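Okay, target29.txt now, which holds compact mmCIF, C-alpha atoms:
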# COMPACT_ATOMS: atom_id res chain seq x y z
CA MET A 1 90.83 90.29 62.60
CA LYS A 2 89.88 93.87 61.77
CA SER A 3 86.55 94.45 60.07
CA ARG A 4 86.28 96.52 56.91
CA ALA A 5 84.70 99.29 58.97
CA GLU A 6 87.71 99.33 61.30
CA GLU A 7 90.13 99.32 58.37
CA PHE A 8 88.29 102.29 56.87
CA GLU A 9 88.33 103.99 60.28
CA GLU A 10 92.11 103.53 60.50
CA TRP A 11 92.59 104.92 56.99
CA GLY A 12 90.29 107.84 57.78
CA THR A 13 92.29 108.60 60.91
CA ALA A 14 95.49 108.55 58.84
CA VAL A 15 93.87 110.98 56.38
CA ILE A 16 92.87 113.34 59.18
CA PHE A 17 96.33 113.33 60.80
CA GLY A 18 98.10 113.64 57.44
CA THR A 19 99.97 110.33 57.56
CA ALA A 20 97.99 108.82 54.65
CA LYS A 21 99.67 109.75 51.36
CA GLY A 22 98.69 109.59 47.72
CA PHE A 23 96.06 110.97 45.38
CA ARG A 24 93.10 109.28 47.08
CA ALA A 25 94.06 110.67 50.50
CA SER A 26 94.57 114.18 49.06
CA VAL A 27 91.15 114.16 47.40
CA MET A 28 89.55 112.90 50.61
CA ARG A 29 91.14 115.74 52.60
CA MET A 30 89.69 118.29 50.15
CA ILE A 31 86.23 116.76 50.52
CA LEU A 32 86.56 116.70 54.30
CA ARG A 33 87.50 120.40 54.40
CA VAL A 34 84.19 121.28 52.78
CA ALA A 35 82.35 118.88 55.10
CA SER A 36 84.09 120.50 58.11
CA TRP A 37 82.85 123.92 57.09
CA LEU A 38 79.30 122.59 56.86
CA PHE A 39 79.68 120.77 60.19
CA ARG A 40 80.89 123.97 61.86
CA MET A 41 77.84 125.85 60.58
CA VAL A 42 75.50 123.16 61.89
CA ILE A 43 77.19 123.13 65.31
CA LEU A 44 77.08 126.92 65.64
CA LEU A 45 73.40 126.96 64.67
CA ARG A 46 72.62 124.19 67.18
CA LEU A 47 74.41 126.06 69.97
CA LYS A 48 72.54 129.25 69.11
CA LEU A 49 69.18 127.47 69.18
CA PHE A 50 69.85 126.06 72.65
CA HIS A 51 71.31 129.34 73.92
CA SER A 52 68.29 131.32 72.72
CA GLY A 53 65.83 128.82 74.19
CA VAL A 54 64.34 127.81 70.83
CA SER A 55 65.61 124.27 71.45
CA LYS A 56 64.40 123.13 74.86
CA GLN A 57 66.50 121.68 77.66
CA ALA A 58 65.17 119.26 80.25
CA ARG A 59 65.70 119.91 83.95
CA LEU A 60 65.31 117.01 86.33
CA GLY A 61 65.22 118.86 89.64
CA THR A 62 68.68 117.76 90.70
CA LEU A 63 72.29 118.66 90.02
CA VAL A 64 73.76 117.62 86.67
CA VAL A 65 77.54 117.82 86.28
CA SER A 66 78.88 117.32 82.77
CA VAL A 67 82.38 115.99 82.16
CA GLY A 68 83.36 116.40 78.52
CA ASN A 69 85.67 117.94 75.96
CA ILE A 70 85.70 119.74 72.61
CA THR A 71 87.82 117.12 70.84
CA VAL A 72 87.30 113.51 69.81
CA GLY A 73 88.79 110.96 72.21
CA GLY A 74 92.09 110.74 74.02
CA THR A 75 91.68 113.33 76.80
CA GLY A 76 91.59 110.72 79.59
CA LYS A 77 88.00 111.39 80.54
CA THR A 78 87.16 108.10 82.28
CA PRO A 79 89.72 108.41 85.12
CA VAL A 80 88.49 111.97 85.79
CA VAL A 81 84.87 110.78 85.90
CA GLU A 82 85.95 108.00 88.26
CA LEU A 83 87.77 110.43 90.58
CA LEU A 84 84.82 112.84 90.60
CA ALA A 85 82.22 110.16 91.32
CA ARG A 86 84.32 108.51 94.02
CA THR A 87 85.04 111.81 95.78
CA LEU A 88 81.39 112.88 95.72
CA THR A 89 80.31 109.48 97.07
CA GLN A 90 82.83 109.76 99.90
CA ARG A 91 81.33 113.16 100.71
CA GLY A 92 77.85 111.66 101.05
CA ARG A 93 76.30 112.25 97.64
CA LYS A 94 74.31 109.53 95.89
CA VAL A 95 75.83 109.56 92.42
CA ALA A 96 74.72 108.14 89.09
CA ILE A 97 76.93 108.25 86.00
CA LEU A 98 74.88 108.69 82.83
CA THR A 99 76.78 107.41 79.82
CA ARG A 100 76.01 106.64 76.21
CA GLY A 101 77.88 103.33 76.24
CA TYR A 102 79.63 103.84 72.92
CA LYS A 103 79.72 100.63 70.82
CA SER A 104 77.85 98.64 73.46
CA ALA A 105 75.61 95.81 72.21
CA ASP A 106 71.84 95.78 72.57
CA LEU A 107 70.37 93.47 75.19
CA GLU A 108 68.93 90.18 73.97
CA GLU A 109 66.21 90.42 76.64
CA PRO A 110 64.96 93.46 78.59
CA GLN A 111 66.23 93.90 82.13
CA ILE A 112 63.79 93.45 85.00
CA TRP A 113 63.40 96.28 87.51
CA LEU A 114 60.41 96.48 89.87
CA ASP A 115 59.16 99.73 91.34
CA GLU A 116 58.09 100.22 94.98
CA ASN A 117 54.72 98.69 94.13
CA GLY A 118 56.27 95.59 92.62
CA LYS A 119 55.50 96.58 89.03
CA GLN A 120 57.99 96.38 86.18
CA VAL A 121 59.47 99.77 85.32
CA GLU A 122 58.92 100.58 81.66
CA ASN A 123 61.37 102.28 79.32
CA LEU A 124 64.48 101.31 81.29
CA PRO A 125 67.98 102.46 80.49
CA LYS A 126 70.57 99.69 80.55
CA ILE A 127 71.53 99.29 84.21
CA SER A 128 75.21 98.47 84.28
CA SER A 129 75.30 98.92 88.06
CA ASP A 130 72.95 100.25 90.72
CA GLY A 131 75.89 101.04 92.98
CA THR A 132 75.71 97.71 94.77
CA THR A 133 75.37 95.07 92.05
CA ARG A 134 76.86 94.90 88.56
CA TYR A 135 74.20 93.60 86.18
CA LEU A 136 75.90 93.81 82.77
CA GLY A 137 79.24 92.79 81.32
CA PRO A 138 81.42 94.92 79.04
CA LEU A 139 79.67 93.78 75.86
CA HIS A 140 76.32 95.30 76.84
CA SER A 141 77.64 98.11 79.07
CA GLY A 142 80.49 99.23 76.86
CA ASP A 143 84.10 99.03 78.00
CA GLU A 144 84.32 102.37 79.82
CA PRO A 145 80.96 102.09 81.67
CA PHE A 146 81.86 98.56 82.75
CA MET A 147 85.24 99.77 84.01
CA LEU A 148 83.52 102.54 85.99
CA ALA A 149 80.98 100.12 87.45
CA LYS A 150 83.79 97.72 88.40
CA ASN A 151 85.86 100.38 90.15
CA LEU A 152 83.15 102.42 91.87
CA ASP A 153 81.23 101.02 94.83
CA GLY A 154 78.11 102.98 95.69
CA VAL A 155 77.88 104.66 92.27
CA ALA A 156 75.17 103.76 89.75
CA VAL A 157 76.21 103.48 86.10
CA LEU A 158 73.37 103.79 83.57
CA VAL A 159 73.78 103.33 79.83
CA ASP A 160 71.49 104.94 77.25
CA LYS A 161 71.73 107.43 74.40
CA ASN A 162 68.80 109.22 76.04
CA ARG A 163 70.43 110.60 79.18
CA ILE A 164 67.16 112.28 80.23
CA LYS A 165 65.57 108.84 80.56
CA SER A 166 68.59 107.59 82.51
CA GLY A 167 68.50 110.60 84.80
CA ILE A 168 64.81 110.18 85.61
CA PHE A 169 65.39 106.51 86.46
CA ALA A 170 68.39 107.39 88.66
CA ILE A 171 66.35 109.90 90.66
CA GLU A 172 63.05 108.06 90.93
CA HIS A 173 64.24 104.47 91.40
CA LEU A 174 67.79 104.72 92.78
CA GLY A 175 67.41 107.83 94.93
CA CYS A 176 70.34 109.65 93.32
CA ASP A 177 70.93 113.31 94.10
CA THR A 178 73.86 113.97 91.74
CA LEU A 179 74.03 113.07 88.06
CA VAL A 180 77.42 112.93 86.33
CA LEU A 181 76.93 113.27 82.59
CA ASP A 182 79.79 111.29 81.04
CA ASP A 183 81.04 112.88 77.79
CA GLY A 184 78.23 115.35 78.19
CA MET A 185 79.45 118.66 76.82
CA GLN A 186 77.63 118.18 73.52
CA TYR A 187 74.53 116.64 75.14
CA LEU A 188 72.51 119.83 75.43
CA LYS A 189 69.04 118.25 75.69
CA LEU A 190 69.72 117.92 79.43
CA ALA A 191 70.69 121.14 81.21
CA HIS A 192 74.06 121.15 82.99
CA GLU A 193 74.50 123.10 86.20
CA LEU A 194 78.27 122.64 85.94
CA ASP A 195 80.49 121.88 82.95
CA ILE A 196 83.89 120.34 83.66
CA VAL A 197 85.80 120.47 80.38
CA LEU A 198 88.95 118.43 79.82
CA VAL A 199 91.86 119.59 77.67
CA ASP A 200 94.70 117.21 76.80
CA CYS A 201 98.03 118.98 77.32
CA GLY A 202 99.60 116.93 74.51
CA ALA A 203 96.96 117.86 71.92
CA PRO A 204 94.80 120.61 73.46
CA PHE A 205 92.84 121.43 70.31
CA GLY A 206 93.29 118.16 68.46
CA THR A 207 94.37 118.76 64.88
CA GLY A 208 92.97 122.30 64.99
CA ALA A 209 90.26 121.57 62.42
CA MET A 210 86.62 120.66 62.92
CA LEU A 211 85.19 117.22 62.24
CA PRO A 212 85.36 115.44 59.89
CA ARG A 213 88.60 117.00 58.55
CA GLY A 214 89.98 117.34 62.06
CA THR A 215 89.23 116.21 65.59
CA LEU A 216 87.40 119.23 67.04
CA ARG A 217 83.77 118.55 67.97
CA GLU A 218 83.15 122.24 68.58
CA PRO A 219 85.03 125.50 67.92
CA LYS A 220 87.64 126.52 70.48
CA SER A 221 85.31 129.33 71.51
CA SER A 222 83.06 126.70 73.12
CA LEU A 223 85.54 126.57 76.00
CA ALA A 224 83.63 129.63 77.20
CA ARG A 225 80.89 127.29 78.47
CA ALA A 226 83.23 125.60 80.95
CA SER A 227 82.68 126.11 84.67
CA TYR A 228 85.98 124.34 85.38
CA ILE A 229 88.76 123.31 83.00
CA VAL A 230 90.90 120.27 83.78
CA LEU A 231 94.19 119.99 81.89
CA THR A 232 95.10 116.31 81.59
CA LYS A 233 98.32 114.38 80.94
CA CYS A 234 100.62 117.25 81.90
CA ALA A 235 103.55 114.84 82.54
CA GLY A 236 104.57 117.02 85.50
CA LYS A 237 105.40 120.00 83.27
CA PRO A 238 104.21 123.60 83.75
CA GLN A 239 101.31 124.54 81.49
CA ASN A 240 101.47 128.33 81.62
CA GLU A 241 101.56 128.71 77.82
CA LEU A 242 98.51 126.49 77.34
CA ILE A 243 96.62 128.24 80.14
CA GLU A 244 97.33 131.57 78.42
CA LYS A 245 95.82 130.23 75.17
CA ILE A 246 92.76 128.91 76.99
CA ARG A 247 92.22 132.28 78.69
CA LYS A 248 91.54 133.81 75.27
CA TYR A 249 88.36 131.75 75.13
CA ASN A 250 87.46 131.54 78.81
CA PRO A 251 88.98 134.16 81.13
CA VAL A 252 87.03 133.14 84.25
CA ALA A 253 86.82 129.33 84.59
CA GLU A 254 89.03 127.90 87.30
CA ILE A 255 91.73 125.55 86.02
CA VAL A 256 93.10 122.31 87.45
CA VAL A 257 96.29 120.75 86.04
CA THR A 258 96.48 116.96 86.29
CA ASN A 259 98.45 113.98 85.12
CA HIS A 260 97.28 110.43 84.48
CA GLY A 261 99.75 108.64 86.70
CA PRO A 262 100.44 104.89 86.54
CA LYS A 263 99.88 103.08 89.85
CA TYR A 264 100.50 99.35 89.40
CA LEU A 265 100.25 96.40 87.03
CA GLU A 266 97.47 93.84 87.38
CA ASN A 267 97.31 90.45 85.70
CA VAL A 268 94.24 90.48 83.45
CA PHE A 269 93.37 86.83 84.12
CA THR A 270 94.59 86.13 87.68
CA GLY A 271 94.31 89.52 89.42
CA GLU A 272 97.94 89.38 90.59
CA ARG A 273 99.38 92.85 91.13
CA LEU A 274 102.94 93.98 90.54
CA PRO A 275 104.67 97.26 91.38
CA LEU A 276 105.61 99.55 88.53
CA ASP A 277 109.31 98.76 88.86
CA ALA A 278 108.48 95.27 87.55
CA LEU A 279 108.61 96.90 84.10
CA GLN A 280 112.18 98.08 84.53
CA GLY A 281 114.35 96.52 81.83
CA LYS A 282 111.65 94.04 80.73
CA TYR A 283 110.98 93.20 77.07
CA VAL A 284 107.34 94.21 76.68
CA ALA A 285 104.61 93.99 74.05
CA ALA A 286 102.01 96.77 74.15
CA LEU A 287 98.45 95.88 73.14
CA SER A 288 95.82 98.60 72.82
CA GLY A 289 92.59 99.68 71.18
CA ILE A 290 92.37 103.31 72.31
CA ALA A 291 92.27 106.76 70.72
CA ARG A 292 95.91 107.69 71.41
CA PRO A 293 98.00 104.50 71.74
CA GLU A 294 101.29 106.39 71.51
CA SER A 295 100.60 108.02 74.88
CA PHE A 296 100.13 104.61 76.50
CA GLU A 297 103.24 103.17 74.83
CA ASP A 298 105.36 106.16 75.86
CA SER A 299 104.24 105.73 79.46
CA LEU A 300 105.58 102.15 79.42
CA ARG A 301 108.92 103.41 78.10
CA ARG A 302 109.10 106.06 80.81
CA LEU A 303 108.64 103.30 83.37
CA GLY A 304 111.71 101.55 82.00
CA ALA A 305 110.12 98.94 79.73
CA LYS A 306 111.75 97.93 76.48
CA VAL A 307 108.70 98.08 74.22
CA GLU A 308 109.54 95.72 71.36
CA ILE A 309 106.06 95.12 69.92
CA CYS A 310 103.20 97.62 69.56
CA LYS A 311 99.91 96.11 68.47
CA ARG A 312 97.29 98.78 67.85
CA TYR A 313 93.59 98.46 67.09
CA PRO A 314 90.88 101.12 66.59
CA ASP A 315 89.34 102.66 69.70
CA HIS A 316 86.87 100.32 71.48
CA HIS A 317 87.86 97.38 69.24
CA TRP A 318 86.24 94.11 70.32
CA PHE A 319 89.02 91.52 70.33
CA ASP A 320 88.49 88.20 68.62
CA GLN A 321 89.93 85.24 70.51
CA SER A 322 91.76 83.97 67.42
CA GLU A 323 93.58 87.26 66.87
CA LEU A 324 94.54 87.37 70.53
CA LEU A 325 95.92 83.82 70.49
CA GLU A 326 97.93 84.69 67.38
CA PHE A 327 99.31 87.74 69.17
CA TYR A 328 100.12 85.77 72.33
CA ASP A 329 102.01 83.19 70.22
CA ARG A 330 103.91 85.95 68.44
CA CYS A 331 104.96 87.45 71.76
CA ALA A 332 106.12 84.03 72.99
CA ASP A 333 108.12 83.47 69.77
CA ARG A 334 109.78 86.87 70.26
CA ALA A 335 110.61 85.99 73.89
CA MET A 336 108.62 88.85 75.34
CA GLN A 337 108.58 88.86 79.13
CA MET A 338 105.27 90.64 79.52
CA ILE A 339 102.25 91.83 77.54
CA VAL A 340 100.80 95.11 78.82
CA THR A 341 97.46 96.61 77.83
CA THR A 342 95.24 99.39 79.15
CA GLU A 343 92.58 98.88 81.78
CA LYS A 344 89.89 99.81 79.25
CA ASP A 345 91.18 97.18 76.83
CA ALA A 346 91.55 94.58 79.59
CA VAL A 347 87.79 94.34 80.11
CA ARG A 348 87.48 93.23 76.47
CA LEU A 349 89.97 90.37 76.81
CA ASP A 350 88.20 87.05 77.32
CA PRO A 351 90.18 84.40 79.25
CA PRO A 352 91.71 81.87 76.82
CA ALA A 353 91.31 78.10 77.32
CA GLU A 354 94.99 77.89 78.22
CA THR A 355 96.96 80.49 80.15
CA PRO A 356 99.17 82.48 77.73
CA GLU A 357 102.87 81.68 77.93
CA VAL A 358 103.60 85.39 78.24
CA PRO A 359 101.66 86.95 81.17
CA VAL A 360 99.16 89.69 80.30
CA TYR A 361 98.86 92.75 82.57
CA PHE A 362 97.00 96.03 82.43
CA LEU A 363 98.47 99.30 83.61
CA ARG A 364 96.28 100.93 86.24
CA ILE A 365 96.07 104.71 85.74
CA GLU A 366 94.72 107.27 88.20
CA VAL A 367 94.39 111.04 88.07
CA GLU A 368 96.96 113.04 90.03
CA ILE A 369 96.38 116.74 90.66
CA HIS A 370 99.59 118.70 90.05
CA GLN A 371 98.22 122.22 90.27
CA GLY A 372 94.93 123.57 91.55
CA ARG A 373 94.12 121.16 94.39
CA GLU A 374 92.23 123.96 96.11
CA VAL A 375 90.23 124.58 92.93
CA TRP A 376 89.23 120.91 92.79
CA GLU A 377 88.18 121.01 96.44
CA ARG A 378 86.10 124.14 95.83
CA CYS A 379 84.41 122.37 92.93
CA ILE A 380 83.55 119.39 95.17
CA ASP A 381 82.35 121.74 97.95
CA ARG A 382 80.15 123.57 95.46
CA ILE A 383 78.52 120.34 94.27
CA CYS A 384 78.03 119.03 97.79
CA GLY A 385 76.50 122.33 98.88
CA ILE A 386 73.61 122.01 96.45
CA SER A 387 70.39 120.56 97.90
CA SER A 388 68.88 117.15 97.13
CA PRO A 389 66.44 116.75 94.22
CA ARG A 390 62.75 117.37 94.23
CA LYS A 391 61.05 114.16 93.08
CA ASN A 392 59.09 114.28 89.81
CA ASP A 393 60.36 117.78 89.06
CA VAL A 394 60.95 117.12 85.36
CA TRP A 395 60.34 120.05 83.06
CA LEU A 396 61.58 121.74 79.92
CA GLU A 397 62.94 125.24 79.88

Write-out of the structure in structure tokens:
Amino acid sequence: MKSRAEEFEEWGTAVIFGTAKGFRASVMRMILRVASWLFRMVILLRLKLFHSGVSKQARLGTLVVSVGNITVGGTGKTPVVELLARTLTQRGRKVAILTRGYKSADLEEPQIWLDENGKQVENLPKISSDGTTRYLGPLHSGDEPFMLAKNLDGVAVLVDKNRIKSGIFAIEHLGCDTLVLDDGMQYLKLAHELDIVLVDCGAPFGTGAMLPRGTLREPKSSLARASYIVLTKCAGKPQNELIEKIRKYNPVAEIVVTNHGPKYLENVFTGERLPLDALQGKYVAALSGIARPESFEDSLRRLGAKVEICKRYPDHHWFDQSELLEFYDRCADRAMQMIVTTEKDAVRLDPPAETPEVPVYFLRIEVEIHQGREVWERCIDRICGISSPRKNDVWLE
């Protein structure tokens, strides 16, 4: 069952995208326009303070690579972070992903971590994984950090709003030499040596308006801070027109064009894997709690599925077992042959007491580079060419 906060979030999203009608929605849009103007002023002032050095940035003595965007949600950031961290690990770097862990729950008891002298380390971030062992489930990690920890051997995943604290722990206690700042473009308290900025080909500038009236976190001009720009979800189509628009804001950053390609289906509760052609001609129910569910649902249709039911929840929604059982029963009554969800949603599905009559699968998605493979390789070479950190070299500039 959706909470009141989630219902308000859905209505607010409908207001922003213009699908909510009526007097109340119109008044709200007028209020949000004024709020957007104020938000833009605050963001520009904040950027100026950091650029001028009035607001200080921490440097940790090692390489920090930010992966982020200028819009709210839906750019496909997690698969890009996964690809980057895996590639760097394969090239010999010791990587830690520093993430906020959006909507993750607080720990009931502090984690235990002993230093080299056998003393408890104080002021710990939440340690989702140290690269070898996963310590936290999705509730306390957050869905995306848990998914990264599950898929990435040898990569530490640390969860904390204070990414400086996480970075210090990664360097001093895990021996990391490369920090990947997940969703880090707006996290300016920690200096970024490289900024990889993602732009969704389907909605490159969101609604075109700043928060809260629109979905832009920063003005389009902020693309100028990007070292590399990754265009996502290109669907195999040329992106010359979009690249031309981006060049107005950043004429020098190298650009990589990618697609988020489906790879296989995996049963959420048994781990059984099926090839993609198992969707061909099947009556399917789509279940999701993500920023852009229509993109996921369209991908199922392109794979030949007959999507008869689309059940959507707000992004990062924590599923209640009763609502899931009701949905499973509905799918069985409608003679669905398969329920398909996203990998991010799958980590939030608790196994029911009885196996659902309709099998539940998630669609595994991986990043495919369509254009700019050599640019991506140069980016990796550049990161790997930077020296290891100097311990205890924490300072503010």

Tell me, as number ranges by chain, which residues lie within 9 Å of range 140-154 of chain A, counting only C-alpha atoms; anything in the same chain fewer than 3 positions away does not count. A: 78-79, 81-82, 85-86, 89, 94-95, 97, 99-107, 126-134, 136-137, 157-159, 316, 343-348

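Across the structure, CA of Val257 in chain A and CA of Ala226 in chain A are spaced 14.8 Å apart.
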
Could you list, with a cut-off of 12 Å and counting all atoms listed in the file, the residues of range 253-352 of chain A near range 51-73 of chain A, each shown with its nearest atom pair and the distance in Å rounded to one decimal, rows sorted by chain and ascending number, as a Markdown table?
| residue | atom | partner | partner_atom | distance |
| --- | --- | --- | --- | --- |
| A:Gly289 | CA | A:Gly73 | CA | 11.9 |
| A:Ile290 | CA | A:Gly73 | CA | 8.4 |
| A:Ala291 | CA | A:Gly73 | CA | 5.7 |
| A:Arg292 | CA | A:Gly73 | CA | 7.9 |
| A:Pro293 | CA | A:Gly73 | CA | 11.3 |
| A:Pro314 | CA | A:Gly73 | CA | 11.5 |
| A:Asp315 | CA | A:Gly73 | CA | 8.7 |
| A:His316 | CA | A:Gly73 | CA | 10.8 |

Using all atoms of range 245-249 of chain A that appear in the file, construct an axis-aligned enclosing box with 4 Å of padding on every side and provide its centre coordinates and edge lengths in Å, rounded to one decimal, as lines of an AutoDock Vina configuration file.
center_x = 92.1
center_y = 131.4
center_z = 76.9
size_x = 15.5
size_y = 12.9
size_z = 11.6

Residue neighbourhood Leu223 in chain A, 8 Å, all atoms listed in the file, exclusion window fewer than 3 positions, as an mmCIF file with C-alpha atoms, in the coordinates of the input:
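Contents of result_3.cif, as written:
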data_model
loop_
_atom_site.group_PDB
_atom_site.id
_atom_site.type_symbol
_atom_site.label_atom_id
_atom_site.label_comp_id
_atom_site.auth_asym_id
_atom_site.auth_seq_id
_atom_site.Cartn_x
_atom_site.Cartn_y
_atom_site.Cartn_z
ATOM 1 C CA ILE A 70 85.700 119.740 72.610
ATOM 2 C CA VAL A 197 85.800 120.470 80.380
ATOM 3 C CA LYS A 220 87.640 126.520 70.480
ATOM 4 C CA ALA A 226 83.230 125.600 80.950
ATOM 5 C CA ILE A 246 92.760 128.910 76.990
ATOM 6 C CA TYR A 249 88.360 131.750 75.130
ATOM 7 C CA ASN A 250 87.460 131.540 78.810
#

re CA of Ala235 in chain A and CA of Lys282 in chain A: distance 22.4 Å
